[in-house]
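First comes the structure, then the notes that go with it.
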Amino acid sequence: MRRAARLAVPLGIGFAFLYLPILLMVLFSFNDSRLVTTFTGFSTRWYVALWENEALMQAAGLSLRIAAVSATMATVLGVIAGFALARMGRFRGRTAFAGAMAAPLVMPEVITGLSLLLMFVAMEQAFGFPAGRGADTVAIAHATFGAAYVAVVVQARLADFDTSLEEAAMDLGARPWKVFFLITLPLTAPAIAAGWLLAFTLSLDDLVIASFVSGPGASTLPMVIFSAVRLGLTPDLYALATLLVGLVAVGLVIASWIAWPRRRG
Amino acid sequence: MSSTAAEQPKSPVAARPGAAEPWRDPAADPFLRIEGVTKRFEGYVALDAVTLPIYRGELFALLGASGSGKSTLLRCLAGFIEPDAGRIVLDGQDLAGVPPYERPINMMFQSYALFPHMTVAQNIGFGLRQEGASKSVIADRVAEMLALVRMEGFGGRKPAALSGGQKARVALARALAKRPKLLLLDEPLSALDKNLREATQFELVNIQERTGTTFVIVTHDQEEAMTMATRLAVMDRGTLAQVGTPGEVYEFPNSRFTAEFLGTANILEGVVEAADDQATRIGSSELDFDILAEPGALKPVGSRAYVAIRPERMRIERTDAATPLGDNRLVGRVRDIAYFGDFFMYYVVLDNGKEIRVSQPNLRRMTARPVDWEDRVAVTWDAEASMVLPE
Amino acid sequence: MKGRLGRALVLALPWSWMALFFVVPFVIVLTIAFAEPSEGLPPYTPLWRWTEEGGPIIQLNLANFRLFLEDPFYLEAGLRSLRVAAVSATLCLLVGYPMALAIARAPERWRTLLLMLVILPFWTSFLLRITAWIGILQDQGWLNGALLALGVIQEPLQLLYTDIALYLGVTYCYLPFMVLPLYATLSKLDPALLEAAEDLGARPSRAFLQVTLPLSMPGVVAGFLLVFIPAVGEFVIPELLGGPDAQLVGRVLWMEFFQNRDWPLASALAVVLLLLLVAPIAIFQARAAREAA
């Protein structure tokens, strides 16, 4: 009993801290009142308002597109980098490479955003590309730091990968490229998928870097939310948060259902 | 009878009744020839010019402590490691430069290395699929293999849903499915508990006999090597300390290392005083007594010799303080008695402080031990029990 | 091995990408930090121009850096950023350590679920979670409402736009970054070590202090750095939850860039911020490289 309490108390405090704000948002997204703090009655009017908010919907569409593109680019880069770090042993410049891959994980966003913007401006001056800034530059910027996250996830999976599985496949007659596609890739696929999802979410969530490298006419969802919040809280933002929480929860349930199928037999 | 100990055992201790013994036939061609194989890793020599012929149909065990080079040798055979020097020839084919996936050799891994994302049947059929075998051929062979390892009905399961023993069977079936010329087994049963391990050992031997495949098994478990192998090699620091049938190596160890590595041995030291066709007489250099051994020890008079005596070949009886030392008779005090259930091990301290181990079978239930702690005892043995070590 | 060329080709893509979009940009920031603002576009003067004879003239403008030393506003922003990051990282550690320990000690079948619960908020919008805290902390917010209703206070407390709000916000947003590395080290800890300590007579509290805590230090350091480094340059949280005087480096940089359009000054700030973080980032990278090896 005491053991259970020792486990439950810190978890209770921690999860209350993490989830109370979210629960309040979910609750008040169904509030009839315009006031965001007093509950007057159940209503779904803020969901309707959200649906009718064209600027927000457009921004959401743009953000989803940028997130999908940048997450895919990040996955290609990050998977290669993760394999290189986990499997290529010591190659020249490995430390520098590992450093360059790890740095975006912790680099303050204002620095990353500013430096990328200046880079794009310098490139435009020198080569005329990218001409102006917008969704493309945001996607490139997001792919850069997304790749770092994908590389970390893939590298971690490969670090505890039992290499005798690959040896066994080779021993049974599979050539190296076949070993990769039949054994290594299927077994790292969950990590790669998780990496993609992580890069996707980070892109969808990023305000600072996007604000720097985006251009006129390309306002992402966080940029629109940010300017709305600065003008004052409205319950339609809570409705949006509730939808996102619901989406993530459903996604996680599906993901865990795929990742941990019930055992047969 | 003029046979010498070094070349022939008295009673041919064949591993199995009626088994052929091609290694005794000078005209026989080895199936697998390991010739001067050397492998260096940073800082140490893992294999030092190992030469070893292995014959068709053998179940050959590489026995050694960790770091002795047995696993390195196995990985050289599998093709995961390329030797720095020497050749490996299997059935007339030099394997130099042949990658693992082109060798007619398969391996049962220590961790079993069953592909977790494939079913048992897919695991067993994996090797055949790499060869491009047709679906029906694969299905037939998989069914045959499942029957061989008595795992019918498990084909649809994933490895995660199998017990340790079942995993071992699937790993064996997978490795045998391609009908390899040579099957390598890397500590195949080390993950199983004792009873299951013993049962699986017999099954493994059965399957080996039925399929006729040549097995090379790496193990650190001497019982496993003794019970299963047709022949075994004791490895020590990258070299083969001794090669022979389990009986040969146990009864005729060639060095202190093998005498003590395989089983238990009391080692006595002395100088050969007489060697005629009646007996070999060795004067102990530690105590004032002589060791008698069978004739033909191949040691010239005056040379130094080590004699190993197995504890179970010694007799122990209570005596009094006046009893002197004699030929093949030591006296001392019982320091400790260890009870093993099926036998007792007596630790006898001689007058010069040296300790001798003597074991006695526990033949009768609940009888008083004839010898007890602190008793003064005489330890005796027959001349044939004295194993004069060639080195 | 034939792998040499293949390796180089495989590595070329991520290498050149990271070089182009991560390393080169820093060099550009560094050069622009020494430029002067101008009315043109881009709004800074080039560092060099060609003389009529064809030789380059390099002009380094140190005014930005001199300004940081002379104007206490910037110095205070820097110190304040470090303080907020350190306090928040410590708060994260205080909340996160017991959580990570509890998850690591929870029955096996619960662990995945509990970890998922830690990560789940991280997958939802960061901005909207900050928004929730505005709702909680504002004068007519949920917290003041609850306290007034309970009669604990008579007047609403000023909570939003204070340092407390700032610490709470940073702690809230970065908590998963603390829990995950801590869990990773704590879950690898052999429970037999703790049993051995208790068997040898250590009370649970001493066993924790002398066995668990020292062995979990790698996780503590990793978690602290993962919170501290990005928190120093944080922009959104001080902007939305902090008071007008909560001028942290990230916020100042944003203001110089977007409002004053002083790109050289913003670049110089980025350089200084990076210098502030050189030591912690170097530690973090060395650890990442060591783990990867």
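Ligands are numbered from 1 in the order shown, chains are lettered A, B, ... in the order of the structure tokens, and residues start at 1 in each chain.
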
Polymer residues at most 10 Å from Ala199 of chain B, only C-alpha atoms, same-chain spacing of 5 or more positions, as a PyMOL selection string: chain B and resi 165+194+204

Give me every alpha helix (DSSP H) residue in segment 195-231 of chain C, going by DSSP on the backbone, as a list in words. Glu195, Ala196, Ala197, Glu198, Asp199, Pro204, Ser205, Arg206, Ala207, Leu213, Pro214, Leu215, Met217, Pro218, Gly219, Val220, Val221, Ala222, Gly223, Phe224, Leu225, Leu226, Val227, Phe228, Ile229, Pro230 and Ala231 of chain C

Run DSSP on the backbone and grab whatever in segment 223-359 of chain B lands in strand (DSSP E or B); send it over as an NGL selection string. :B and (231-236 or 239-244 or 266-275 or 280-284 or 290-293 or 304-309 or 314-318 or 326 or 329-339 or 343-350 or 355-359)

Using only C-alpha atoms, what table do you get, as CSV, when you list each residue of chain B with an atom no more than 9 Å from chain A, its nearest pair of atoms, and their distance in Å rounded to one decimal, rows by chain then rising number?
```
residue,atom,partner,partner_atom,distance
B:Ala78,CA,A:Asp171,CA,7.1
B:Gly79,CA,A:Asp171,CA,8.3
B:Phe80,CA,A:Glu167,CA,7.7
B:Pro99,CA,A:Met170,CA,8.6
B:Pro100,CA,A:Asp171,CA,5.2
B:Tyr101,CA,A:Gly173,CA,3.8
B:Glu102,CA,A:Gly173,CA,6.1
B:Arg103,CA,A:Asp171,CA,7.7
B:Pro104,CA,A:Gly173,CA,8.8
B:Ile105,CA,A:Asp171,CA,7.4
B:Asn106,CA,A:Asp171,CA,5.8
B:Met107,CA,A:Asp171,CA,6.8
B:Met108,CA,A:Ala168,CA,8.2
B:Phe109,CA,A:Ser164,CA,7.4
B:Gln110,CA,A:Ser164,CA,8.9
B:Ser111,CA,A:Ser164,CA,7.7
B:Tyr112,CA,A:Ser164,CA,8.4
B:Ala113,CA,A:Leu165,CA,4.8
B:Leu114,CA,A:Leu165,CA,6.8
B:Phe115,CA,A:Leu165,CA,6.4
B:Pro116,CA,A:Leu187,CA,8.2
B:His117,CA,A:Leu187,CA,7.2
B:Phe126,CA,A:Leu172,CA,7.1
B:Gly127,CA,A:Leu172,CA,4.5
B:Leu128,CA,A:Leu172,CA,8.0
B:Arg129,CA,A:Gly173,CA,8.9
B:Gln130,CA,A:Ala174,CA,5.7
B:Glu131,CA,A:Gly173,CA,7.1
B:Phe154,CA,A:Gly265,CA,8.8
B:Gly156,CA,A:Gly265,CA,8.5
B:Arg157,CA,A:Gly265,CA,6.7
B:Lys158,CA,A:Arg264,CA,7.7
B:Ala160,CA,A:Arg263,CA,8.2
B:Ala161,CA,A:Arg263,CA,6.9
B:Arg174,CA,A:Leu172,CA,8.5
B:Ala175,CA,A:Leu172,CA,7.4
B:Lys178,CA,A:Leu172,CA,7.9
```

Give me the residues within 7 Å of segment 254-266 of chain B as an MDAnalysis selection string, counting only C-alpha atoms and dropping any in the same chain fewer than 5 places off. chainID B and resid 222 234 241:242 308:311 356:357 389:391

Find the residues in chain C near chain A: any atom within 7 Å counts, using only C-alpha atoms. Write them as an mmCIF file with N, CA and C atoms, in the first residue's frame.
```
data_model
loop_
_atom_site.group_PDB
_atom_site.id
_atom_site.type_symbol
_atom_site.label_atom_id
_atom_site.label_comp_id
_atom_site.auth_asym_id
_atom_site.auth_seq_id
_atom_site.Cartn_x
_atom_site.Cartn_y
_atom_site.Cartn_z
ATOM 1 N N LEU C 11 26.440 9.786 -47.009
ATOM 2 C CA LEU C 11 26.554 10.857 -46.024
ATOM 3 C C LEU C 11 26.398 12.237 -46.643
ATOM 4 N N PRO C 14 22.727 14.274 -46.036
ATOM 5 C CA PRO C 14 22.496 14.954 -44.747
ATOM 6 C C PRO C 14 23.602 15.945 -44.391
ATOM 7 N N MET C 18 22.797 19.804 -43.652
ATOM 8 C CA MET C 18 23.056 20.424 -42.352
ATOM 9 C C MET C 18 24.053 21.558 -42.488
ATOM 10 N N PHE C 21 22.051 24.536 -44.244
ATOM 11 C CA PHE C 21 20.963 25.175 -43.516
ATOM 12 C C PHE C 21 21.184 25.278 -42.014
ATOM 13 N N PRO C 25 24.352 29.301 -42.141
ATOM 14 C CA PRO C 25 23.564 30.408 -41.591
ATOM 15 C C PRO C 25 24.217 31.072 -40.373
ATOM 16 N N PHE C 26 24.891 30.259 -39.533
ATOM 17 C CA PHE C 26 25.537 30.875 -38.367
ATOM 18 C C PHE C 26 26.660 31.811 -38.777
ATOM 19 N N ILE C 28 26.734 33.474 -41.494
ATOM 20 C CA ILE C 28 26.098 34.695 -42.015
ATOM 21 C C ILE C 28 25.641 35.584 -40.863
ATOM 22 N N VAL C 29 25.048 34.975 -39.842
ATOM 23 C CA VAL C 29 24.629 35.757 -38.675
ATOM 24 C C VAL C 29 25.830 36.495 -38.092
ATOM 25 N N VAL C 95 9.596 18.664 -10.180
ATOM 26 C CA VAL C 95 8.340 17.985 -10.516
ATOM 27 C C VAL C 95 8.629 16.698 -11.283
ATOM 28 N N PRO C 98 10.457 13.054 -9.380
ATOM 29 C CA PRO C 98 9.556 12.068 -8.751
ATOM 30 C C PRO C 98 8.663 11.364 -9.765
ATOM 31 N N MET C 99 8.243 12.099 -10.806
ATOM 32 C CA MET C 99 7.403 11.456 -11.827
ATOM 33 C C MET C 99 8.177 10.366 -12.555
ATOM 34 N N ALA C 102 8.711 7.427 -10.349
ATOM 35 C CA ALA C 102 7.481 6.656 -10.157
ATOM 36 C C ALA C 102 7.168 5.823 -11.397
ATOM 37 N N ALA C 106 6.949 1.814 -11.638
ATOM 38 C CA ALA C 106 5.587 1.324 -11.804
ATOM 39 C C ALA C 106 5.625 -0.064 -12.439
ATOM 40 N N TRP C 123 2.355 16.732 -27.859
ATOM 41 C CA TRP C 123 1.876 16.572 -29.231
ATOM 42 C C TRP C 123 0.752 17.552 -29.556
ATOM 43 N N THR C 124 0.223 18.214 -28.535
ATOM 44 C CA THR C 124 -0.822 19.195 -28.829
ATOM 45 C C THR C 124 -0.185 20.574 -28.874
ATOM 46 N N SER C 125 -0.912 21.510 -29.432
ATOM 47 C CA SER C 125 -0.324 22.820 -29.715
ATOM 48 C C SER C 125 0.241 23.502 -28.471
ATOM 49 N N PHE C 126 1.498 23.867 -28.612
ATOM 50 C CA PHE C 126 2.229 24.577 -27.575
ATOM 51 C C PHE C 126 1.568 25.929 -27.276
ATOM 52 N N LEU C 128 -1.517 26.836 -27.756
ATOM 53 C CA LEU C 128 -2.826 26.730 -27.123
ATOM 54 C C LEU C 128 -2.694 26.319 -25.657
ATOM 55 N N ARG C 129 -1.649 25.565 -25.357
ATOM 56 C CA ARG C 129 -1.447 25.222 -23.946
ATOM 57 C C ARG C 129 -1.046 26.452 -23.145
ATOM 58 N N ALA C 132 -4.150 28.289 -22.382
ATOM 59 C CA ALA C 132 -4.859 27.768 -21.215
ATOM 60 C C ALA C 132 -4.356 28.436 -19.943
ATOM 61 N N TRP C 133 -3.052 28.650 -19.855
ATOM 62 C CA TRP C 133 -2.509 29.288 -18.658
ATOM 63 C C TRP C 133 -2.948 30.744 -18.541
ATOM 64 N N GLY C 135 -5.876 31.723 -19.379
ATOM 65 C CA GLY C 135 -7.209 31.553 -18.795
ATOM 66 C C GLY C 135 -7.147 31.247 -17.308
ATOM 67 N N GLY C 141 -9.466 35.043 -13.962
ATOM 68 C CA GLY C 141 -9.206 33.691 -14.442
ATOM 69 C C GLY C 141 -9.755 32.624 -13.513
ATOM 70 N N TRP C 142 -9.518 31.367 -13.931
ATOM 71 C CA TRP C 142 -10.064 30.247 -13.185
ATOM 72 C C TRP C 142 -9.467 30.130 -11.791
ATOM 73 N N TYR C 172 5.817 24.160 -17.343
ATOM 74 C CA TYR C 172 4.739 23.379 -17.929
ATOM 75 C C TYR C 172 5.116 22.876 -19.326
ATOM 76 N N LEU C 226 18.355 20.099 -21.593
ATOM 77 C CA LEU C 226 17.271 20.112 -22.584
ATOM 78 C C LEU C 226 16.222 21.165 -22.252
ATOM 79 N N ILE C 229 18.673 25.164 -22.080
ATOM 80 C CA ILE C 229 19.188 25.809 -23.286
ATOM 81 C C ILE C 229 18.082 26.480 -24.107
ATOM 82 N N PRO C 230 17.016 25.753 -24.462
ATOM 83 C CA PRO C 230 15.986 26.457 -25.231
ATOM 84 C C PRO C 230 15.263 27.516 -24.411
ATOM 85 N N GLY C 233 16.534 31.178 -24.624
ATOM 86 C CA GLY C 233 16.160 31.958 -25.797
ATOM 87 C C GLY C 233 14.670 31.999 -26.053
ATOM 88 N N GLU C 234 13.880 31.556 -25.070
ATOM 89 C CA GLU C 234 12.433 31.449 -25.256
ATOM 90 C C GLU C 234 11.824 32.812 -25.590
ATOM 91 N N GLY C 250 15.487 36.415 -25.970
ATOM 92 C CA GLY C 250 14.720 36.008 -27.138
ATOM 93 C C GLY C 250 13.701 37.056 -27.538
ATOM 94 N N ALA C 270 21.905 37.459 -31.349
ATOM 95 C CA ALA C 270 21.958 36.006 -31.552
ATOM 96 C C ALA C 270 23.357 35.497 -31.237
ATOM 97 N N GLN C 285 26.359 18.471 -26.631
ATOM 98 C CA GLN C 285 26.821 17.807 -27.862
ATOM 99 C C GLN C 285 27.842 16.729 -27.555
ATOM 100 N N ALA C 288 25.946 13.820 -26.473
ATOM 101 C CA ALA C 288 25.239 13.182 -27.597
ATOM 102 C C ALA C 288 26.224 12.386 -28.436
ATOM 103 N N ALA C 289 27.411 12.969 -28.665
ATOM 104 C CA ALA C 289 28.409 12.281 -29.486
ATOM 105 C C ALA C 289 28.893 11.020 -28.780
ATOM 106 N N ALA C 292 26.363 8.364 -28.995
ATOM 107 C CA ALA C 292 26.259 7.817 -30.347
ATOM 108 C C ALA C 292 27.430 6.893 -30.648
#
```

Nearby residues (only C-alpha atoms) at most 12 Å from Phe340 of chain B, same-chain spacing under 6 positions excluded, as a list of chain:residue names: B:Tyr346, B:Ser359, B:Gln360, B:Pro361, B:Asn362

Quick one: residues within 8 Å of segment 179-193 of chain C, only C-alpha atoms, excluding same-chain residues fewer than 3 positions away - as a PyMOL selection string? chain C and resi 96-97+99-101+103-105+115+118+175-176+196-197+211-212+215-216+218-220+222-223

Show me, as number ranges by chain, the residues that have an atom within 12 Å of segment 186-190 of chain B when counting only C-alpha atoms, minus same-chain residues fewer than 5 positions from it. A: 164, 168; B: 61-66, 70-75, 77-78, 106-113, 164-172, 175, 195-204, 215-225, 228

Figure out the distance between atom CA of Arg109 of chain C and atom CA of Arg157 of chain A, please, to one decimal in Å. 20.4 Å
